Each structure stands twice: as structure tokens, then as C-alpha cells.
>>> print(open('entry_36.txt').read())   # compact mmCIF, C-alpha atoms
# COMPACT_ATOMS: atom_id res chain seq x y z
CA MET A 226 0.00 0.00 0.00
CA ALA A 227 2.86 2.40 0.80
CA PHE A 228 4.37 1.67 -2.63
CA PHE A 229 1.03 2.49 -4.29
CA ARG A 230 0.73 5.79 -2.35
CA SER A 231 4.28 6.83 -3.13
CA GLY A 232 3.79 5.88 -6.79
CA LEU A 233 0.53 7.81 -6.88
CA LEU A 234 2.18 10.79 -5.20
CA TRP A 235 5.02 10.64 -7.72
CA ALA A 236 2.53 10.50 -10.62
CA ILE A 237 0.61 13.50 -9.26
CA MET A 238 3.83 15.47 -8.90
CA VAL A 239 4.88 14.63 -12.45
CA PHE A 240 1.50 15.68 -13.84
CA ALA A 241 1.56 18.86 -11.76
CA ILE A 242 5.04 19.78 -12.95
CA ASN A 243 4.20 18.96 -16.55
CA GLY A 244 1.01 20.97 -16.28
CA VAL A 245 2.97 23.97 -15.04
CA TRP A 246 5.51 23.57 -17.80
CA ALA A 247 2.77 23.27 -20.38
CA ALA A 248 1.06 26.39 -19.07
CA THR A 249 4.24 28.46 -19.33
CA SER A 250 5.59 27.04 -22.58
CA THR A 251 5.44 28.90 -25.85
CA SER A 252 2.94 27.81 -28.47
CA ASP A 253 4.03 26.73 -31.93
CA THR A 254 1.84 29.50 -33.33
CA ILE A 255 3.81 32.16 -31.45
CA ILE A 256 7.16 30.63 -32.41
CA LYS A 257 6.19 30.49 -36.10
CA ALA A 258 4.73 34.00 -36.03
CA CYS A 259 7.95 35.40 -34.54
CA ASN A 260 10.41 33.58 -36.81
CA ASP A 261 11.16 36.64 -38.96
CA SER A 262 11.13 39.20 -36.17
CA PHE A 263 14.08 41.60 -35.82
CA ASP A 264 14.25 40.47 -32.19
CA ARG A 265 12.77 36.98 -32.14
CA ASP A 266 13.25 36.52 -28.38
CA PHE A 267 11.45 39.80 -27.64
CA CYS A 268 8.59 38.84 -29.95
CA ILE A 269 8.17 35.41 -28.38
CA SER A 270 8.47 36.75 -24.85
CA SER A 271 6.03 39.63 -25.26
CA LEU A 272 3.40 37.55 -27.04
CA SER A 273 3.75 34.56 -24.70
CA LYS A 274 2.97 36.73 -21.67
CA ALA A 275 -0.26 38.08 -23.15
CA PRO A 276 -3.49 36.58 -21.83
CA GLY A 277 -4.88 33.95 -24.20
CA ALA A 278 -1.87 33.98 -26.52
CA LEU A 279 -0.68 30.46 -25.75
CA GLN A 280 -4.00 29.01 -26.91
CA ALA A 281 -4.59 31.44 -29.79
CA ASP A 282 -4.67 30.60 -33.45
CA LEU A 283 -2.84 32.97 -35.79
CA ALA A 284 -5.83 35.25 -36.45
CA HIS A 285 -6.55 35.66 -32.74
CA LEU A 286 -2.84 36.12 -32.05
CA SER A 287 -2.88 39.10 -34.42
CA VAL A 288 -5.62 40.70 -32.29
CA ILE A 289 -3.59 40.02 -29.15
CA ALA A 290 -0.43 41.50 -30.71
CA VAL A 291 -2.24 44.70 -31.67
CA HIS A 292 -3.84 44.89 -28.24
CA LEU A 293 -0.37 44.78 -26.65
CA CYS A 294 0.48 47.84 -28.73
CA ILE A 295 -2.67 49.61 -27.58
CA GLU A 296 -1.76 48.93 -23.96
CA GLU A 297 1.70 50.41 -24.53
CA VAL A 298 0.72 53.48 -26.55
CA LYS A 299 -1.10 55.15 -23.62
CA PRO A 300 1.85 55.27 -21.20
CA VAL A 301 4.13 56.42 -24.03
CA TYR A 302 1.63 59.13 -24.95
CA ASP A 303 1.26 60.19 -21.30
CA PHE A 304 5.04 60.33 -20.84
CA ILE A 305 5.64 62.44 -23.93
CA ASP A 306 2.62 64.66 -23.26
CA ASP A 307 4.00 65.31 -19.76
CA LEU A 308 7.37 66.22 -21.29
CA ARG A 309 5.58 68.54 -23.71
CA GLU A 310 3.77 70.29 -20.86
CA ARG A 311 7.06 70.79 -18.99
CA ASN A 312 8.84 71.91 -22.20
CA PRO A 313 6.22 73.93 -24.11
CA ASN A 314 8.79 75.50 -26.45
CA VAL A 315 9.93 72.17 -27.88
CA SER A 316 7.91 71.83 -31.07
CA GLY A 317 9.16 68.29 -31.64
CA LEU A 318 7.29 67.11 -28.53
CA LYS A 319 4.04 68.58 -29.81
CA ASP A 320 4.60 66.70 -33.06
CA CYS A 321 5.31 63.49 -31.12
CA VAL A 322 2.05 63.84 -29.18
CA GLU A 323 0.11 64.29 -32.43
CA LEU A 324 1.88 61.32 -34.01
CA LEU A 325 1.09 59.17 -30.97
CA GLU A 326 -2.57 60.21 -31.21
CA ASP A 327 -2.52 59.02 -34.82
CA THR A 328 -0.82 55.79 -33.79
CA ARG A 329 -3.39 55.20 -31.04
CA ASP A 330 -6.25 55.69 -33.51
CA GLU A 331 -4.59 53.42 -36.09
CA LEU A 332 -4.08 50.70 -33.47
CA HIS A 333 -7.70 50.87 -32.31
CA ASP A 334 -8.90 50.74 -35.92
CA SER A 335 -6.60 47.77 -36.56
CA GLU A 336 -7.86 45.86 -33.54
CA SER A 337 -11.45 46.54 -34.52
CA LYS A 338 -10.93 45.26 -38.08
CA LEU A 339 -9.03 42.18 -36.90
CA ARG A 340 -11.82 41.30 -34.47
CA ARG A 341 -14.32 41.44 -37.36
CA LEU A 342 -12.06 39.69 -39.87
CA SER A 343 -13.79 37.08 -41.99
CA ASP A 344 -13.17 35.36 -45.30
CA ALA A 345 -15.63 37.78 -46.93
CA ASN A 346 -13.70 40.93 -45.92
CA PHE A 347 -10.26 39.35 -45.53
CA ASN A 348 -8.27 41.12 -48.26
CA GLU A 349 -9.70 44.58 -47.57
CA TYR A 350 -9.35 44.39 -43.78
CA ILE A 351 -5.87 42.88 -43.83
CA ALA A 352 -4.68 45.56 -46.26
CA ASP A 353 -6.11 48.31 -44.01
CA VAL A 354 -4.51 46.85 -40.89
CA MET A 355 -1.12 46.45 -42.56
CA THR A 356 -1.28 50.06 -43.74
CA TRP A 357 -2.22 51.36 -40.28
CA LEU A 358 0.44 49.32 -38.48
CA SER A 359 3.08 50.48 -40.95
CA GLY A 360 1.90 54.03 -40.31
CA GLY A 361 2.23 53.47 -36.58
CA GLU A 362 5.85 52.37 -37.04
CA THR A 363 6.58 55.39 -39.22
CA ASN A 364 5.01 57.71 -36.65
CA GLN A 365 7.51 56.56 -34.02
CA ASP A 366 10.41 57.14 -36.42
CA ASN A 367 9.08 60.59 -37.32
CA CYS A 368 8.75 61.51 -33.65
CA VAL A 369 12.38 60.64 -32.97
CA THR A 370 13.60 62.31 -36.16
CA GLY A 371 11.77 65.51 -35.24
CA LEU A 372 13.43 65.61 -31.84
CA GLN A 373 16.87 64.98 -33.34
CA GLU A 374 16.35 68.13 -35.33
CA THR A 375 14.91 70.29 -32.54
CA HIS A 376 15.87 69.10 -29.05
CA VAL A 377 18.52 66.45 -28.71
CA SER A 378 18.55 66.55 -24.87
CA LEU A 379 15.09 64.93 -24.66
CA LEU A 380 15.84 62.45 -27.40
CA SER A 381 17.12 59.51 -25.34
CA ALA A 382 14.13 59.45 -22.97
CA VAL A 383 11.63 59.67 -25.82
CA LYS A 384 13.55 57.20 -27.97
CA ALA A 385 13.53 54.56 -25.21
CA LYS A 386 9.75 54.76 -24.98
CA THR A 387 9.04 54.94 -28.69
CA ASP A 388 11.54 52.19 -29.56
CA TYR A 389 9.76 49.72 -27.30
CA LEU A 390 6.39 50.65 -28.81
CA ALA A 391 7.84 50.43 -32.32
CA MET A 392 9.13 46.92 -31.57
CA LEU A 393 5.66 45.85 -30.44
CA ILE A 394 4.09 47.38 -33.54
CA ASP A 395 6.68 45.72 -35.76
CA ASP A 396 5.88 42.34 -34.23
CA ALA A 397 2.14 42.94 -34.54
CA LEU A 398 2.68 43.74 -38.22
CA LEU A 399 4.69 40.54 -38.55
CA VAL A 400 1.83 38.49 -37.08
CA VAL A 401 -0.67 40.21 -39.38
CA ASN A 402 1.61 39.49 -42.34
CA ASN A 403 1.54 35.82 -41.34
CA VAL A 404 -2.27 35.96 -41.32
CA ALA A 405 -2.17 37.62 -44.75
CA ASP A 406 0.08 34.85 -46.05
CA GLN A 407 -2.57 32.32 -45.05
CA GLY A 408 -4.97 34.09 -47.37
CA HIS A 409 -8.01 33.38 -45.19
CA ILE A 410 -9.18 33.00 -41.60
>>> encode(input="entry_36.txt", output="C-alpha cells")
Amino acid sequence: MAFFRSGLLWAIMVFAINGVWAATSTSDTIIKACNDSFDRDFCISSLSKAPGALQADLAHLSVIAVHLCIEEVKPVYDFIDDLRERNPNVSGLKDCVELLEDTRDELHDSESKLRRLSDANFNEYIADVMTWLSGGETNQDNCVTGLQETHVSLLSAVKAKTDYLAMLIDDALLVVNNVADQGHI
């Protein structure tokens, strides 16, 4: 009887450990979606931590990737808007705030279209989302470029925030490109 209990206890521990490992492992969908990322480890790590990502198919993963960007754009916007308020004579910060507003709107529009994506609207919606995400990446570059030209002292703080957001947007675009390559939902 003691052997049975210890064997049962061992089996429960193995299943518990394997269950934990399975819950924290990375899905094949995430790994495949991140294969062409500029920073593959960042892509896998950021997507794997998102709620629902480990169980998501590629289409749902694209929604999750864009949602991660939406969650990040607000603190970046708040940070740069606060800098703008403390430095009202720096025109580059005003431009950055406007560009981040555009990015925020493009991300929300992208998430909305991806949530309503179907085979009937696939090509149109995917094209729109890819355009908006590309625009969001460009907005971050334009923000940094504007500050390089007008106020270099604030550049490193803004660049750190916008670079992280740009990496998330780049990875979201990569996931959407993978969905586009499928050609359907």
C-alpha cells in the first residue's frame, strides 16, 4: 500500500510539474509568427505573456499582438505629453504627441478590423490593418527624427519609450503578415 501511495504521489507530482511547464511554454503559433522578427526573443516573450496567446490561433494572435500595442501606446503618450507640458517651447514634442494620437487611432482601428475579420472581408481588412500598423511604425520614427532636429537633450528618454512601442508594432505587423500569407481566416 505504501508503494502504491508513493507511486501515486510521484505521478501526481509529475502531472503537476508537466502541467505547469505546459502552461508556461510557448505555443508553436507564437514561435512560427515570430520567426522573422528583428528580435525573435522579444517577440516570443512579449506575445507569450499576453493573456490567451498560448492558446490562440494565428488570427486571434494578431488581435492580441495589436492589443499589446494599444496597452503600450497610452503610457508612451502620457510620458511624452508630460514632457511637452514641462517643455512647451519644444515643437518636436508637440509633433510626437500628435503622431502618438494618430498611432493610437490606427491601433484601435486595426484591432477593430481584426476582431471582425472574416473570409468575406479578408483582403480589404488585412490591407487596411497592414497600412495602419506600418503608419504606426513610421510615426515613431518621425517623432524621434523631429526631436533629433529640434531638441537632442530629450531624445534619449523619448527614444527609449518609442523604440519599445515600435518593436511591439513591428511584431504585430509581422503576425498580421503571417495571417495575410494564409490568405483566409
>>> atom_distance(input="entry_36.txt", atom1="atom CA of A:Leu339", atom2="atom CA of A:Ser287")
7.3 Å
>>> closest_residue(input="entry_36.txt", among="A:Ile289, A:Met392, A:Val354, A:Arg309", to="A:Gly277", atoms="only C-alpha atoms")
A:Ile289
>>> closest_residue(input="entry_36.txt", among="A:Gly361, A:Pro300, A:Gly317, A:Gly371", to="A:Asp330", atoms="all atoms listed in the file")
A:Gly361
>>> atom_distance(input="entry_36.txt", atom1="atom CA of A:Asp303", atom2="atom CA of A:Leu379")
15.0 Å
>>> closest_residue(input="entry_36.txt", among="A:Ala352, A:Asp306, A:His376, A:Thr251", to="A:Asp266", atoms="all atoms listed in the file")
A:Thr251
>>> atom_distance(input="entry_36.txt", atom1="atom CA of A:Gln280", atom2="atom CA of A:Asn402")
19.5 Å
>>> closest_residue(input="entry_36.txt", among="A:Lys319, A:Leu358, A:Phe347, A:Lys274", to="A:Asp396", atoms="only C-alpha atoms")
A:Leu358
